[in-house]
Structures are given as structure tokens and as C-alpha cells.
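All remarks here apply to the structure that follows.
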Amino acid sequence: MTTTLSERTSQSAFDGSRLRVILLLDLHDGAQKQFLEAYEHMRNQVASIPGHISDQLCQSIENPSQWLITSEWESAPPFLAWVNSEDHVATVQPLHSCVRDTRSLRFSVLRETGAAFEESFEPVKGGLQAAPRLGDGVVRHALTFTVKPGTEEIVAKLLADYDSPQARVDEHTRLRRTSLFMHGNRVVRAVEVEGDLLAALRHVSRQPEVRAVEEAINPYLEQDRDLADPDSARMFFTRAALPTVHHVTTGRHAAGERKRHALFYQAKEGCGMALARLLAEHDEEEADNAGSPIESSTIFQRDDIVVRLLEVDGALDAQPALALGIHGPGKAARLARLLDGEANAVPTTDQDAARFLARSEMHLVTDRRAAAES
């Protein structure tokens, strides 16, 4: 099932097109044999994942320490479900000791050329991206983790009071905005980057003011980590990743009139991607609704956690059903079936929707924008 995307959509996992994943690797000297053994194990695991089509391992003809792994998937959702799973974390763990540096790139397939595609006896699984998406030069990503119950106020103060890191990363990359929210004992940090996301995340992790606050919150985290241990830090941030699965913006509302909000949705087990898709469908409809107060929506999803970041012209609770991603009884019923626990009651009235919104809205701890450059 694909989602019909508006021309205002810059990021989406829901267009039904095939996905090409590229992993660039730089190996440590002498690690080639260990790497090949780890890759053989990994590829056998990945071959059994639903939605996986093929993969290739390539070695540079110029520098033997440089390798490339490419894989093709029927669409983005099965890949995202796999790459964000605990099984994936365990499967790729043996690769870490072999690799000096990595970079992962993900692309929807837009066009294909050549006889192999035109005269294939077997139909190629998955479709092609219908049209290029028009972006704004901004990459959006989020991290999420939980803190020990009872420490929420302490953590919120630590995360609100630190000095902002330097925005300029390099000639091509710049931090644009960081928003930090809490929902109970869950923290969500959403970042916007112009340029290379990985370079920006590495830049931030090295900044003394950021390292100080990360060390300060360590005692309050539910998942232990040691930032001085590369394996421990890598494992923590791998599990904390909350990728963007959809972003749409309208361009109708002036920046000075917009307010940022975040909503937290806990899906039933195995229903996180379906819930994210439903909310994306709603936001696509609102993008074409000239009267909608929603300027933009970014949906983040990992496993059964979905976070919807909204830029809204006016008060969020003025139209609670619209803000929640509900438009009509049919969509309300679909939303309820996908939600976990007491939140799955169908909000059939404005009062129900308002109560639902009060449970779902996250507390904004801090929202930092980089100063405009001359």
C-alpha cells in the first residue's frame, strides 16, 4: 500500500518505490579476513528478511581498505523495520571491530536504464519513485531514550541549561535547529541539519558543552552507557535513533506565526509503521487543505514509537482532532486500532479528542535555532 504524496513532500518512506541502500566502509589494516567472515554471516541473515531483494559486496580498485555494500529492497518500510531492530544491532556487531569509518546512504529508485531491466523474464519487485521530491536542503533526524522514573525534572533542567554547540560544522554542513521534548520519562531530541547529517552528529558529539551535559545525564538513564567506550556509545545511539519516515510542508504560514509541538503515539506491537503511514496520509491531505493551520509535519518512527513534530499557525488545541491526525470517524477508528493501551479509545467527540491530545502532547524543554549567517 502506497501513500499518494503531494509535491510539498520532501521525505517519505511510503511511496512504494524500491530502495537502494549504500554502505561505505573503511577497514582497519589487517581486518580483511575478519570482515569477510562477518559479512558472510550478515548477508545470510539479511537474505531471509522480508522485502530484501539482493545485495553486493564491492572492493575499491584504488584503495583495498575501502569497501562498499549495496542492497536493494522492495520498499523502504521493510528495510527500516530491519535496520532499527535488535536483531540488526546484534547482526552487525561483529563488523564494528573491523571498520575504521562508515557512512550509510539510502535512495529511492527513480529511473532504470539497460537491457537487464527492460527484458527481464522475472518482474522486478517494487516500483519506481513516481517523481523527484523537492527538498529544502534540510535533513531531519531524531534520537529518543528514557530516564529513570522520578528523575524527569532533573534531566529536563540539565538538557535546558547547556550552552548551544557551534552551528557551523564545515563548508557544506550547518546545524539549523534542535528541539528537545519530554513525554513522561521519554526524551526526544529532533535535529535539523543543512548538509551532511552524519558529519553534524559527529561534530555535536565532540563539542565540550554537549559532552558535559551527556555525562551529567548518564546516572539518570535507564539504559547504561559509557561514552568513553566506542562500542557502548555506538550501541546506545544505534538504539536511540528515531528516523524520519515522512516530512511535508505547505509554505503557507509566515515563520513568525508558527509554533512547534510534538505528539507521542505508542503503537500496538508491530503496528508502528502502519500508524506512521496513517498519520502521513492525514498530513498529506492537510497539505492540500488551504484552510489547515498545520504548516509542516515531520513523522519519526522506530519500532512501536511514533513521534509527530508539527509547525502550527495558532493554538494546537483549537482543532484537537486535526492536530492528532484524525479526520472523520473512519480515520479515528483506524487510529484507535493501531494504538496501544488506554489511548486506543476512539475519540468520537471534540472533548474526547482534547483529552487524547492532552495525553499525547509532549513537553517542550528547549528549542534552539542557529543564528542566521551573513
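How things are named: the first chain in the C-alpha cells is A, the next is B, and so on; residues count from 1 in each chain; ligands count from 1 in the order shown.
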
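Residues with any atom within 10 Å of Glu286 in chain A, counting only C-alpha atoms and excluding same-chain neighbours fewer than 5 positions away, are Val248, Thr249, Thr250, Ala280, Glu281, Gly291, Ser292, Pro293, Ile294, Glu295, Ser296, Ser297, Leu322, Gly325 and His327 of chain A.
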
>> Please return, as a PyMOL selection string, all residues of range 3-237 of chain A that DSSP assigns to helix (DSSP H, G or I) on the basis of the backbone.
In response: chain A and resi 32-46+76-83+86-96+115-118+152-161+197-206+208-220+230-237

> Near Leu134 in chain A, counting only C-alpha atoms, which residues have an atom at most 10 Å away, once you skip same-chain residues fewer than 3 positions from it, shown as a ChimeraX atom specification?
Replying inline: /A:7-11,131,137

Preceding selection exported with C-alpha atoms as a PDB file, in the first residue's frame:
```pdb
ATOM      1  CA  GLU A   7       4.539  17.904  -4.377  1.00  0.00           C
ATOM      2  CA  ARG A   8       5.270  19.509  -0.995  1.00  0.00           C
ATOM      3  CA  THR A   9       6.684  16.256   0.400  1.00  0.00           C
ATOM      4  CA  SER A  10      10.472  16.233   0.764  1.00  0.00           C
ATOM      5  CA  GLN A  11      10.939  12.962   2.686  1.00  0.00           C
ATOM      6  CA  ALA A 131       8.686  11.902  -9.449  1.00  0.00           C
ATOM      7  CA  GLY A 137      18.193  21.309   1.763  1.00  0.00           C
TER       8      GLY A 137
END
```

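The coordinates place CA of Met362 in chain A at 16.7 Å from CA of Leu339 in chain A.
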
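Going from CA of Ile299 in chain A over to CA of Thr349 in chain A, you cover 24.8 Å.
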